>>> print(open('target-v9.tsv').read())   # TSV, C-alpha atoms
chain	number	residue	atom	x	y	z
A	1	MET	CA	13.98	-0.99	27.44
A	2	HIS	CA	16.99	1.12	26.45
A	3	ASN	CA	19.25	-1.90	26.67
A	4	MET	CA	17.16	-3.63	23.97
A	5	TYR	CA	18.07	-0.90	21.47
A	6	PRO	CA	21.51	-0.10	19.98
A	7	LYS	CA	23.33	2.92	21.34
A	8	ASN	CA	24.44	4.23	17.95
A	9	GLY	CA	22.56	2.21	15.36
A	10	LYS	CA	19.04	1.91	13.99
A	11	VAL	CA	16.18	-0.53	14.48
A	12	ILE	CA	14.24	-0.97	11.26
A	13	LEU	CA	11.15	-3.11	10.69
A	14	HIS	CA	10.14	-4.32	7.25
A	15	ILE	CA	6.42	-5.17	7.28
A	16	ASP	CA	5.30	-7.30	4.34
A	17	ALA	CA	1.65	-8.31	3.94
A	18	ASN	CA	1.37	-11.99	2.98
A	19	ALA	CA	-0.51	-12.70	-0.28
A	20	PHE	CA	-2.03	-9.26	0.17
A	21	TYR	CA	-4.76	-9.24	-2.50
A	22	ALA	CA	-5.97	-12.73	-1.56
A	23	SER	CA	-5.81	-11.84	2.15
A	24	VAL	CA	-7.97	-8.75	1.59
A	25	GLU	CA	-10.51	-10.86	-0.28
A	26	ALA	CA	-10.56	-13.37	2.60
A	27	SER	CA	-11.06	-10.55	5.11
A	28	GLU	CA	-14.25	-9.69	3.21
A	29	ASN	CA	-15.31	-13.33	2.83
A	30	PRO	CA	-13.91	-15.55	5.63
A	31	GLU	CA	-15.02	-18.70	3.80
A	32	LEU	CA	-12.05	-18.17	1.47
A	33	ASN	CA	-9.58	-18.78	4.32
A	34	SER	CA	-9.86	-22.55	3.85
A	35	LYS	CA	-9.84	-22.50	0.04
A	36	PRO	CA	-7.18	-22.04	-2.65
A	37	VAL	CA	-7.68	-18.52	-4.03
A	38	ALA	CA	-6.19	-16.76	-7.04
A	39	ILE	CA	-6.64	-13.17	-8.17
A	40	ALA	CA	-6.92	-13.17	-11.95
A	41	GLY	CA	-9.33	-12.23	-14.71
A	42	ASN	CA	-12.78	-13.41	-15.60
A	43	PRO	CA	-13.06	-17.07	-14.52
A	44	LYS	CA	-14.61	-17.78	-17.92
A	45	GLU	CA	-11.68	-16.23	-19.77
A	46	ARG	CA	-9.15	-18.89	-20.78
A	47	ARG	CA	-6.37	-16.37	-21.50
A	48	GLY	CA	-6.38	-14.99	-17.95
A	49	ILE	CA	-3.17	-14.72	-15.95
A	50	VAL	CA	-2.81	-15.32	-12.20
A	51	VAL	CA	-1.84	-12.00	-10.61
A	52	THR	CA	-1.33	-13.49	-7.15
A	53	CYS	CA	-2.66	-16.35	-5.03
A	54	ASN	CA	-2.89	-17.43	-1.41
A	55	TYR	CA	-0.61	-19.97	0.25
A	56	ILE	CA	-3.08	-22.83	-0.08
A	57	ALA	CA	-3.05	-22.35	-3.86
A	58	ARG	CA	0.75	-22.09	-3.85
A	59	SER	CA	1.00	-25.41	-2.01
A	60	LYS	CA	-0.85	-26.95	-4.96
A	61	GLY	CA	1.61	-25.59	-7.52
A	62	VAL	CA	-0.16	-22.36	-8.49
A	63	TYR	CA	1.97	-19.22	-8.83
A	64	ALA	CA	2.00	-15.85	-10.57
A	65	PRO	CA	2.06	-15.20	-13.50
A	66	MET	CA	0.78	-18.68	-14.40
A	67	PRO	CA	-1.86	-18.87	-17.16
A	68	LEU	CA	-5.27	-19.38	-15.60
A	69	TRP	CA	-6.00	-22.55	-17.57
A	70	GLU	CA	-2.82	-24.15	-16.22
A	71	ALA	CA	-3.62	-23.06	-12.68
A	72	LYS	CA	-7.01	-24.74	-12.91
A	73	GLN	CA	-5.38	-27.90	-14.22
A	74	LYS	CA	-3.09	-28.02	-11.19
A	75	CYS	CA	-5.87	-27.03	-8.78
A	76	PRO	CA	-9.39	-27.73	-10.14
A	77	GLU	CA	-11.01	-26.38	-6.94
A	78	LEU	CA	-9.23	-23.00	-7.32
A	79	VAL	CA	-11.42	-19.99	-6.50
A	80	VAL	CA	-10.70	-17.26	-9.05
A	81	LEU	CA	-11.54	-13.63	-8.27
A	82	LYS	CA	-11.21	-10.46	-10.28
A	83	PRO	CA	-8.85	-7.80	-8.86
A	84	ASN	CA	-10.56	-5.16	-6.70
A	85	PHE	CA	-7.92	-2.44	-6.62
A	86	PRO	CA	-10.04	0.23	-4.87
A	87	LEU	CA	-10.58	-2.20	-1.99
A	88	TYR	CA	-6.88	-3.14	-1.86
A	89	ARG	CA	-5.85	0.52	-1.72
A	90	GLN	CA	-8.39	1.16	1.06
A	91	VAL	CA	-7.03	-1.67	3.21
A	92	SER	CA	-3.46	-0.62	2.43
A	93	LYS	CA	-4.19	2.88	3.75
A	94	LYS	CA	-5.62	1.44	6.96
A	95	MET	CA	-2.51	-0.71	7.39
A	96	PHE	CA	-0.11	2.21	6.99
A	97	ASP	CA	-2.27	4.49	9.14
A	98	TYR	CA	-1.98	1.93	11.93
A	99	LEU	CA	1.82	1.72	11.56
A	100	LEU	CA	2.04	5.49	12.00
A	101	LYS	CA	0.81	5.01	15.58
A	102	TYR	CA	4.24	3.56	16.39
A	103	SER	CA	6.49	5.93	14.42
A	104	ASN	CA	6.09	8.66	11.83
A	105	VAL	CA	9.34	7.50	10.22
A	106	LEU	CA	7.44	5.24	7.83
A	107	GLU	CA	8.31	4.56	4.19
A	108	PRO	CA	5.73	2.68	2.11
A	109	ALA	CA	7.64	0.61	-0.44
A	110	SER	CA	4.52	-0.55	-2.28
A	111	ILE	CA	0.84	-1.12	-1.66
A	112	ASP	CA	1.56	-4.05	0.68
A	113	GLU	CA	4.96	-3.46	2.28
A	114	GLY	CA	6.91	-0.74	4.03
A	115	TYR	CA	9.80	0.18	6.33
A	116	LEU	CA	9.27	1.49	9.87
A	117	ASP	CA	12.09	3.08	11.90
A	118	ILE	CA	11.42	2.31	15.59
A	119	THR	CA	14.85	3.39	16.89
A	120	ASN	CA	13.27	5.84	19.34
A	121	CYS	CA	10.30	3.69	20.34
A	122	PHE	CA	11.86	2.00	23.37
A	123	GLN	CA	9.03	3.27	25.59
A	124	LEU	CA	6.62	1.04	23.60
A	125	GLY	CA	8.52	-2.16	24.29
A	126	SER	CA	11.36	-4.18	22.82
A	127	PRO	CA	11.69	-4.41	19.01
A	128	LEU	CA	10.36	-7.98	19.14
A	129	GLU	CA	7.40	-6.96	21.31
A	130	ILE	CA	6.53	-4.12	18.94
A	131	ALA	CA	6.72	-6.46	15.95
A	132	GLU	CA	4.46	-8.97	17.71
A	133	GLN	CA	1.96	-6.21	18.56
A	134	ILE	CA	1.88	-5.02	14.95
A	135	GLN	CA	1.49	-8.51	13.55
A	136	GLN	CA	-1.27	-9.47	15.97
A	137	THR	CA	-3.24	-6.23	15.60
A	138	LEU	CA	-3.17	-6.29	11.79
A	139	LEU	CA	-4.31	-9.90	11.85
A	140	THR	CA	-7.07	-9.26	14.40
A	141	GLU	CA	-8.42	-5.93	13.17
A	142	LEU	CA	-7.76	-6.03	9.41
A	143	LYS	CA	-7.51	-9.83	8.98
A	144	ILE	CA	-4.22	-9.23	7.14
A	145	PRO	CA	-1.29	-11.58	7.92
A	146	VAL	CA	2.13	-9.97	7.74
A	147	SER	CA	5.73	-11.09	8.00
A	148	ILE	CA	8.14	-8.73	9.75
A	149	GLY	CA	11.90	-8.41	9.55
A	150	ILE	CA	13.81	-6.71	12.38
A	151	ALA	CA	17.29	-5.42	11.53
A	152	PRO	CA	19.71	-2.48	11.78
A	153	ASN	CA	19.12	-1.41	8.16
A	154	LYS	CA	16.63	-1.64	5.30
A	155	PHE	CA	18.40	-4.34	3.32
A	156	LEU	CA	18.65	-6.74	6.24
A	157	ALA	CA	15.09	-5.96	7.36
A	158	LYS	CA	13.72	-6.78	3.90
A	159	THR	CA	15.85	-9.93	3.75
A	160	ALA	CA	14.61	-10.99	7.18
A	161	SER	CA	10.92	-10.53	6.38
A	162	ASP	CA	11.30	-12.88	3.41
A	163	MET	CA	12.69	-15.69	5.59
A	164	LYS	CA	9.46	-16.76	7.27
A	165	LYS	CA	6.15	-16.54	5.43
A	166	PRO	CA	3.35	-16.35	6.28
A	167	LEU	CA	3.15	-14.73	9.72
A	168	GLY	CA	6.86	-14.82	10.46
A	169	ILE	CA	8.98	-12.53	12.59
A	170	THR	CA	12.73	-12.71	12.00
A	171	ILE	CA	15.60	-10.82	13.61
A	172	LEU	CA	18.66	-10.43	11.39
A	173	ARG	CA	21.72	-8.70	12.83
A	174	LYS	CA	24.84	-7.72	10.94
A	175	ARG	CA	26.80	-10.35	12.86
A	176	ASP	CA	24.42	-13.00	11.48
A	177	VAL	CA	25.25	-12.24	7.85
A	178	SER	CA	28.31	-14.50	7.55
A	179	HIS	CA	26.57	-17.68	8.70
A	180	ILE	CA	23.01	-17.04	7.46
A	181	LEU	CA	23.42	-15.19	4.15
A	182	TRP	CA	26.91	-15.99	2.91
A	183	PRO	CA	26.28	-19.70	2.20
A	184	LEU	CA	23.36	-18.83	-0.13
A	185	GLN	CA	23.62	-18.59	-3.90
A	186	VAL	CA	24.07	-14.99	-5.04
A	187	SER	CA	20.78	-15.24	-6.98
A	188	LYS	CA	18.98	-15.55	-3.60
A	189	MET	CA	20.13	-12.13	-2.45
A	190	HIS	CA	17.49	-9.41	-2.40
A	191	GLY	CA	18.09	-6.92	-5.22
A	192	ILE	CA	19.91	-9.33	-7.52
A	193	GLY	CA	17.92	-10.58	-10.47
A	194	ALA	CA	18.66	-13.41	-12.86
A	195	LYS	CA	20.55	-11.18	-15.29
A	196	THR	CA	22.83	-9.72	-12.60
A	197	ALA	CA	23.38	-13.15	-11.04
A	198	GLU	CA	24.45	-14.50	-14.43
A	199	LYS	CA	27.02	-11.73	-14.84
A	200	LEU	CA	28.36	-12.38	-11.36
A	201	ASN	CA	28.56	-16.12	-12.02
A	202	GLN	CA	30.68	-15.40	-15.07
A	203	LEU	CA	33.15	-13.71	-12.72
A	204	GLY	CA	33.24	-16.83	-10.57
A	205	ILE	CA	30.99	-15.25	-7.93
A	206	GLU	CA	28.57	-18.04	-7.04
A	207	THR	CA	27.62	-17.35	-3.41
A	208	ILE	CA	26.86	-14.26	-1.36
A	209	GLU	CA	30.14	-14.85	0.47
A	210	HIS	CA	32.00	-14.71	-2.86
A	211	LEU	CA	30.29	-11.40	-3.56
A	212	ALA	CA	31.06	-10.02	-0.09
A	213	LYS	CA	34.76	-10.72	-0.62
A	214	ALA	CA	34.90	-9.84	-4.32
A	215	ASP	CA	37.21	-7.25	-5.85
A	216	GLU	CA	35.17	-4.08	-6.18
A	217	HIS	CA	36.84	-2.99	-9.43
A	218	ARG	CA	36.02	-6.29	-11.16
A	219	VAL	CA	32.39	-6.14	-10.10
A	220	LYS	CA	32.04	-2.45	-11.03
A	221	HIS	CA	33.55	-3.18	-14.44
A	222	VAL	CA	30.63	-5.52	-15.14
A	223	LEU	CA	27.80	-3.83	-13.22
A	224	GLY	CA	28.87	-0.18	-13.07
A	225	VAL	CA	28.36	1.89	-9.91
A	226	LYS	CA	25.81	-0.67	-8.74
A	227	GLY	CA	28.73	-3.01	-8.07
A	228	LYS	CA	29.90	-1.20	-4.94
A	229	THR	CA	26.38	-1.15	-3.50
A	230	ILE	CA	25.72	-4.87	-3.87
A	231	ILE	CA	29.11	-5.73	-2.34
A	232	GLU	CA	28.18	-3.57	0.66
A	233	ARG	CA	24.79	-5.29	0.92
A	234	ALA	CA	26.46	-8.71	0.80
A	235	ASN	CA	28.41	-7.57	3.87
A	236	GLY	CA	25.21	-6.43	5.59
A	237	ILE	CA	25.88	-2.72	4.99
A	238	ASP	CA	23.09	-0.38	3.88
A	239	HIS	CA	23.32	3.36	4.55
A	240	ARG	CA	19.82	4.24	3.29
A	241	LEU	CA	17.53	5.89	5.81
A	242	VAL	CA	13.82	5.21	6.10
A	243	ASN	CA	12.40	8.09	4.08
A	244	PRO	CA	8.71	9.02	4.61
A	245	ASN	CA	8.83	11.14	1.46
A	246	ALA	CA	10.37	8.49	-0.78
A	247	SER	CA	7.21	7.79	-2.77
A	248	SER	CA	6.90	11.46	-3.76
A	249	GLN	CA	10.53	12.51	-4.05
A	250	PHE	CA	10.52	12.33	-7.86
A	251	LYS	CA	7.62	14.61	-8.82
A	252	SER	CA	8.68	15.04	-12.42
A	253	ILE	CA	11.53	14.23	-14.76
A	254	GLY	CA	12.08	16.43	-17.77
A	255	HIS	CA	14.59	17.68	-20.30
A	256	SER	CA	14.58	20.61	-22.70
A	257	THR	CA	16.98	21.93	-25.28
A	258	THR	CA	17.52	25.23	-27.07
A	259	LEU	CA	17.80	24.76	-30.83
A	260	PRO	CA	20.83	26.17	-32.73
A	261	LYS	CA	18.50	28.50	-34.62
A	262	ASN	CA	14.83	29.30	-34.93
A	263	GLU	CA	13.45	26.15	-36.53
A	264	THR	CA	10.41	25.11	-38.56
A	265	ASP	CA	11.88	22.03	-40.27
A	266	ASP	CA	9.64	19.17	-39.24
A	267	ARG	CA	12.37	16.56	-39.49
A	268	ILE	CA	14.76	18.46	-37.21
A	269	LEU	CA	12.00	19.09	-34.66
A	270	LEU	CA	11.14	15.38	-34.56
A	271	GLN	CA	14.80	14.43	-34.22
A	272	THR	CA	14.99	16.82	-31.26
A	273	PHE	CA	11.99	15.18	-29.63
A	274	ASN	CA	13.62	11.80	-30.20
A	275	ARG	CA	16.76	12.88	-28.31
A	276	LEU	CA	14.71	14.43	-25.51
A	277	ALA	CA	12.62	11.26	-25.14
A	278	GLN	CA	15.81	9.19	-24.93
A	279	SER	CA	17.19	11.39	-22.14
A	280	VAL	CA	13.98	11.40	-20.09
A	281	SER	CA	13.50	7.65	-20.52
A	282	GLN	CA	17.04	6.88	-19.34
A	283	ARG	CA	16.55	8.93	-16.17
A	284	MET	CA	13.17	7.30	-15.51
A	285	HIS	CA	14.74	3.85	-15.81
A	286	GLN	CA	17.55	4.86	-13.44
A	287	LYS	CA	15.00	6.02	-10.85
A	288	LYS	CA	12.64	3.10	-11.61
A	289	VAL	CA	9.61	5.33	-12.16
A	290	VAL	CA	6.79	5.59	-14.70
A	291	THR	CA	4.29	8.29	-15.61
A	292	GLN	CA	0.74	8.71	-16.80
A	293	HIS	CA	1.17	12.46	-17.37
A	294	ILE	CA	3.14	13.72	-20.36
A	295	GLN	CA	3.98	17.40	-20.84
A	296	ILE	CA	5.72	19.28	-23.64
A	297	THR	CA	7.23	22.77	-23.70
A	298	ILE	CA	7.40	24.93	-26.82
A	299	ARG	CA	9.22	28.26	-26.88
A	300	TYR	CA	8.77	30.27	-30.05
A	301	SER	CA	11.26	32.66	-31.65
A	302	ASN	CA	9.51	35.62	-29.98
A	303	PHE	CA	10.14	33.87	-26.60
A	304	GLU	CA	6.46	33.09	-26.07
A	305	THR	CA	6.49	29.82	-24.10
A	306	ILE	CA	3.63	27.35	-23.80
A	307	THR	CA	3.29	24.05	-21.96
A	308	ARG	CA	0.71	21.45	-22.81
A	309	SER	CA	0.02	18.26	-20.88
A	310	GLU	CA	-2.27	15.27	-20.97
A	311	LYS	CA	-3.10	12.29	-18.78
A	312	LEU	CA	-2.53	8.94	-20.47
A	313	PRO	CA	-4.62	5.78	-20.09
A	314	ASN	CA	-1.58	3.68	-19.11
A	315	SER	CA	1.77	4.24	-17.42
A	316	ILE	CA	4.79	4.64	-19.72
A	317	ASP	CA	8.57	4.92	-19.43
A	318	SER	CA	10.07	3.88	-22.77
A	319	LYS	CA	11.70	6.24	-25.25
A	320	GLU	CA	9.28	5.19	-27.98
A	321	GLU	CA	6.19	5.84	-25.88
A	322	LEU	CA	7.45	9.18	-24.65
A	323	PHE	CA	8.38	10.21	-28.19
A	324	ASN	CA	5.02	9.19	-29.66
A	325	GLN	CA	2.98	10.93	-26.98
A	326	ALA	CA	5.10	14.09	-27.12
A	327	VAL	CA	4.86	14.29	-30.91
A	328	ARG	CA	1.10	13.76	-30.75
A	329	LEU	CA	0.77	16.71	-28.33
A	330	PHE	CA	3.15	18.75	-30.47
A	331	ARG	CA	1.10	18.17	-33.63
A	332	LYS	CA	-1.99	19.23	-31.76
A	333	HIS	CA	-0.64	22.51	-30.41
A	334	TRP	CA	2.13	23.78	-32.69
A	335	THR	CA	1.09	26.94	-34.50
A	336	GLY	CA	3.66	26.48	-37.26
A	337	ASP	CA	5.72	29.46	-36.11
A	338	PRO	CA	9.51	29.16	-35.72
A	339	ILE	CA	10.58	27.33	-32.57
A	340	ARG	CA	13.55	28.15	-30.33
A	341	LEU	CA	13.22	25.53	-27.56
A	342	LEU	CA	11.53	22.16	-27.05
A	343	GLY	CA	11.06	20.10	-23.89
A	344	ILE	CA	9.51	16.85	-22.65
A	345	THR	CA	8.49	16.24	-19.04
A	346	ALA	CA	7.22	13.07	-17.39
A	347	ALA	CA	5.04	14.64	-14.70
A	348	GLN	CA	3.68	13.09	-11.47
A	349	VAL	CA	5.96	10.08	-11.77
A	350	VAL	CA	5.46	7.10	-9.45
A	351	ARG	CA	7.71	4.20	-8.60
A	352	LYS	CA	7.36	1.41	-11.11
A	353	LYS	CA	6.72	-1.20	-8.44
A	354	GLU	CA	3.79	0.80	-7.07
A	355	ALA	CA	2.33	1.27	-10.54
A	356	MET	CA	2.70	-2.44	-11.31
A	357	LYS	CA	0.68	-3.30	-8.22
A	358	GLN	CA	-2.25	-1.35	-9.66
A	359	LEU	CA	-2.11	-2.50	-13.26
A	360	SER	CA	-5.33	-3.43	-14.94
A	361	LEU	CA	-5.48	-7.14	-15.68
A	362	PHE	CA	-5.46	-6.40	-19.40
A	363	THR	CA	-2.13	-4.60	-19.16
A	364	TYR	CA	-0.80	-7.30	-16.84
A	365	GLU	CA	-1.62	-9.99	-19.40
A	366	GLU	CA	0.03	-8.00	-22.17
A	367	GLU	CA	3.25	-7.76	-20.19
A	368	ALA	CA	3.13	-11.42	-19.18
A	369	THR	CA	2.72	-12.39	-22.85
A	370	GLU	CA	5.78	-10.35	-23.79
A	371	GLU	CA	7.91	-11.74	-20.95
A	372	PRO	CA	9.69	-14.50	-22.95
A	373	LEU	CA	10.68	-11.99	-25.63
A	374	LEU	CA	11.87	-9.48	-23.02
A	375	LYS	CA	14.03	-12.14	-21.38
A	376	VAL	CA	15.72	-12.95	-24.69
A	377	MET	CA	16.30	-9.24	-25.34
A	378	ASP	CA	17.81	-8.82	-21.86
A	379	GLN	CA	20.16	-11.76	-22.50
A	380	LEU	CA	21.32	-10.27	-25.79
A	381	LYS	CA	21.80	-6.83	-24.26
A	382	GLY	CA	23.68	-8.34	-21.35
A	383	ARG	CA	26.07	-10.09	-23.72
A	384	PHE	CA	26.51	-7.51	-26.47
A	385	GLY	CA	25.45	-4.19	-24.89
A	386	ASP	CA	22.27	-2.14	-24.66
A	387	ASP	CA	22.48	-0.92	-28.25
A	388	ILE	CA	22.29	-4.39	-29.83
A	389	ILE	CA	18.46	-4.23	-30.03
A	390	GLN	CA	16.46	-1.04	-30.47
A	391	LYS	CA	12.96	-0.30	-31.63
A	392	GLY	CA	12.93	1.88	-34.75
A	393	ILE	CA	11.28	5.26	-35.06
A	394	ASP	CA	10.41	6.32	-38.58
A	395	ILE	CA	10.96	10.05	-38.31
A	396	THR	CA	10.52	10.71	-42.00
A	397	ASN	CA	7.02	9.25	-42.04
A	398	SER	CA	5.86	10.36	-38.57
A	399	LYS	CA	4.01	13.38	-39.85
A	400	LYS	CA	2.40	11.38	-42.64
A	401	ARG	CA	1.13	8.80	-40.15
A	402	GLU	CA	-0.05	11.49	-37.77
A	403	ASN	CA	-2.17	13.12	-40.44
A	404	SER	CA	-3.56	9.91	-41.91
>>> encode(input="target-v9.tsv", output="structure tokens")
Amino acid sequence: MHNMYPKNGKVILHIDANAFYASVEASENPELNSKPVAIAGNPKERRGIVVTCNYIARSKGVYAPMPLWEAKQKCPELVVLKPNFPLYRQVSKKMFDYLLKYSNVLEPASIDEGYLDITNCFQLGSPLEIAEQIQQTLLTELKIPVSIGIAPNKFLAKTASDMKKPLGITILRKRDVSHILWPLQVSKMHGIGAKTAEKLNQLGIETIEHLAKADEHRVKHVLGVKGKTIIERANGIDHRLVNPNASSQFKSIGHSTTLPKNETDDRILLQTFNRLAQSVSQRMHQKKVVTQHIQITIRYSNFETITRSEKLPNSIDSKEELFNQAVRLFRKHWTGDPIRLLGITAAQVVRKKEAMKQLSLFTYEEEATEEPLLKVMDQLKGRFGDDIIQKGIDITNSKKRENS
């Protein structure tokens, strides 16, 4: 089988479970296999939002995050189920445990997808045979359909797995990029959202081929350092390795600062927390992580240092949320003595995509409701810069509100 594997390159599989939540529900209740199914809120709750749905429902015009009332209008026979996240996590673990039988170079990307490096698995069969074995076994034993992309790198493997759903297996080589990917609109490229596509279109970059051949300096001027990466991806280049530790590589993100002098002025302390929250939030956004564990550090003038932490009910990443939670902890634990150093840490951070998969439906609906406003804000920031719109923090009245 050696001749089926590259001499110097990699063989990467991207395994993507199809309509994962709905598939898990159908594995528990096979009668659902022939019915349109949506995972949403209480079927009696008109304000519910479709979290995901199976392919039968999609064929009838249902999609996420469609309001539940609209989904039922399009598909009156729609079966609506509440999310069962403990069950989904249990099946996800079984899926990844099975993949480890082929290779321990496994990187879960979310609850329902992951990358598997099978470069050294030639004794198990050809890459296509291994993919077929994985697909068939997961379907037979877990009743979970998956699509699999086979490629020399992660970007092409992910792109390939998206090409045939459900139950597809697609091989995408670097030499295929020019005739398969290049004719597509740049908005169709994995990793490019609507906002980025709009910026590229303004540069006259309409297709993936345009992007592949674009001037790097022009693209970087608009998109920053990200510009070089997406040009490489458009040419089928991706140097990232499959990293089994990727989901835990950012354990915490924090920032602290030593004050110019021993300080007790409430306003100055709150301004310091505001700057710290801004720094931590920016780094969290860069790494695309969120946290449910906030920690503060207080070092007094006598160099006594304390840390206090708390688990939050919901995941956060914004400057405002970090600031408010840090100040709340600070109010609770500050003795009133002069302070020399302050710090904020987002502990036990997780990738935002993973956290989003496990959102409560209530939080999901809140975010879906805010989506139109967020899109408008993104458009304004894209045109005029990130500072055009900011939420205000009333530092002067923070203490008054805290004590009320």
>>> residues_around(input="target-v9.tsv", residues="Gln123 (chain A)", least_positions_apart="4", cutoff="12 Å", atoms="only C-alpha atoms", output="list in words")
Met1, His2, Asn3, Met4, Tyr5, Tyr102, Ser103, Ile118, Thr119, Pro127, Glu129 and Ile130 of chain A
>>> atom_distance(input="target-v9.tsv", atom1="CA of Val327 (chain A)", atom2="CA of Val289 (chain A)")
21.3 Å
>>> closest_residue(input="target-v9.tsv", among="A:Glu28, A:Asp16, A:Glu263, A:Glu70", to="Lys158 (chain A)", atoms="all atoms listed in the file")
A:Asp16
>>> atom_distance(input="target-v9.tsv", atom1="CA of Lys195 (chain A)", atom2="CA of Lys226 (chain A)")
13.5 Å
>>> closest_residue(input="target-v9.tsv", among="A:Val105, A:Val222, A:Leu124, A:Cys75", to="Val242 (chain A)", atoms="only C-alpha atoms")
A:Val105
>>> closest_residue(input="target-v9.tsv", among="A:Val280, A:Val91, A:Ile12, A:Cys53", to="Leu78 (chain A)", atoms="all atoms listed in the file")
A:Cys53
>>> closest_residue(input="target-v9.tsv", among="A:Asp337, A:Lys319, A:Glu232, A:Leu13", to="Thr170 (chain A)", atoms="all atoms listed in the file")
A:Leu13
>>> residues_around(input="target-v9.tsv", residues="Arg218 (chain A)", least_positions_apart="3", cutoff="10 Å", atoms="all atoms listed in the file", output="ChimeraX atom specification")
/A:200,203,214-215,221-224,227
>>> atom_distance(input="target-v9.tsv", atom1="CA of Asp265 (chain A)", atom2="CA of Thr345 (chain A)")
22.3 Å
>>> residues_near_point(input="target-v9.tsv", point="(8.9, 1.5, -15.0)", cutoff="6 Å", atoms="only C-alpha atoms", output="PyMOL selection string")
chain A and resi 288-290+317+352
>>> residues_around(input="target-v9.tsv", residues="Val349 (chain A)", least_positions_apart="2", cutoff="12 Å", atoms="only C-alpha atoms", output="PyMOL selection string")
chain A and resi 246-254+280-281+283-285+287-295+311+315-317+345-347+351-355
>>> residues_around(input="target-v9.tsv", residues="Gln133 (chain A)", least_positions_apart="4", cutoff="12 Å", atoms="all atoms listed in the file", output="PyMOL selection string")
chain A and resi 98-99+101-102+124-129+137-141+146+148+169
>>> closest_residue(input="target-v9.tsv", among="A:Arg233, A:Asn243, A:Arg340, A:Ser178", to="His190 (chain A)", atoms="only C-alpha atoms")
A:Arg233
>>> residues_around(input="target-v9.tsv", residues="Asn245 (chain A)", least_positions_apart="6", cutoff="12 Å", atoms="only C-alpha atoms", output="list in words")
Asn104, Val105, Leu106, Glu107, Pro108, Ala109 and Lys251 of chain A
>>> closest_residue(input="target-v9.tsv", among="A:Lys93, A:Lys213, A:His239, A:Arg308", to="Leu156 (chain A)", atoms="all atoms listed in the file")
A:His239
>>> residues_near_point(input="target-v9.tsv", point="(1.2, 17.0, -26.8)", cutoff="8 Å", atoms="all atoms listed in the file", output="list in words")
Ile294, Gln295, Ile296, Arg308, Ser309, Glu310, Gln325, Ala326, Val327, Arg328, Leu329, Phe330, Arg331, Lys332 and His333 of chain A
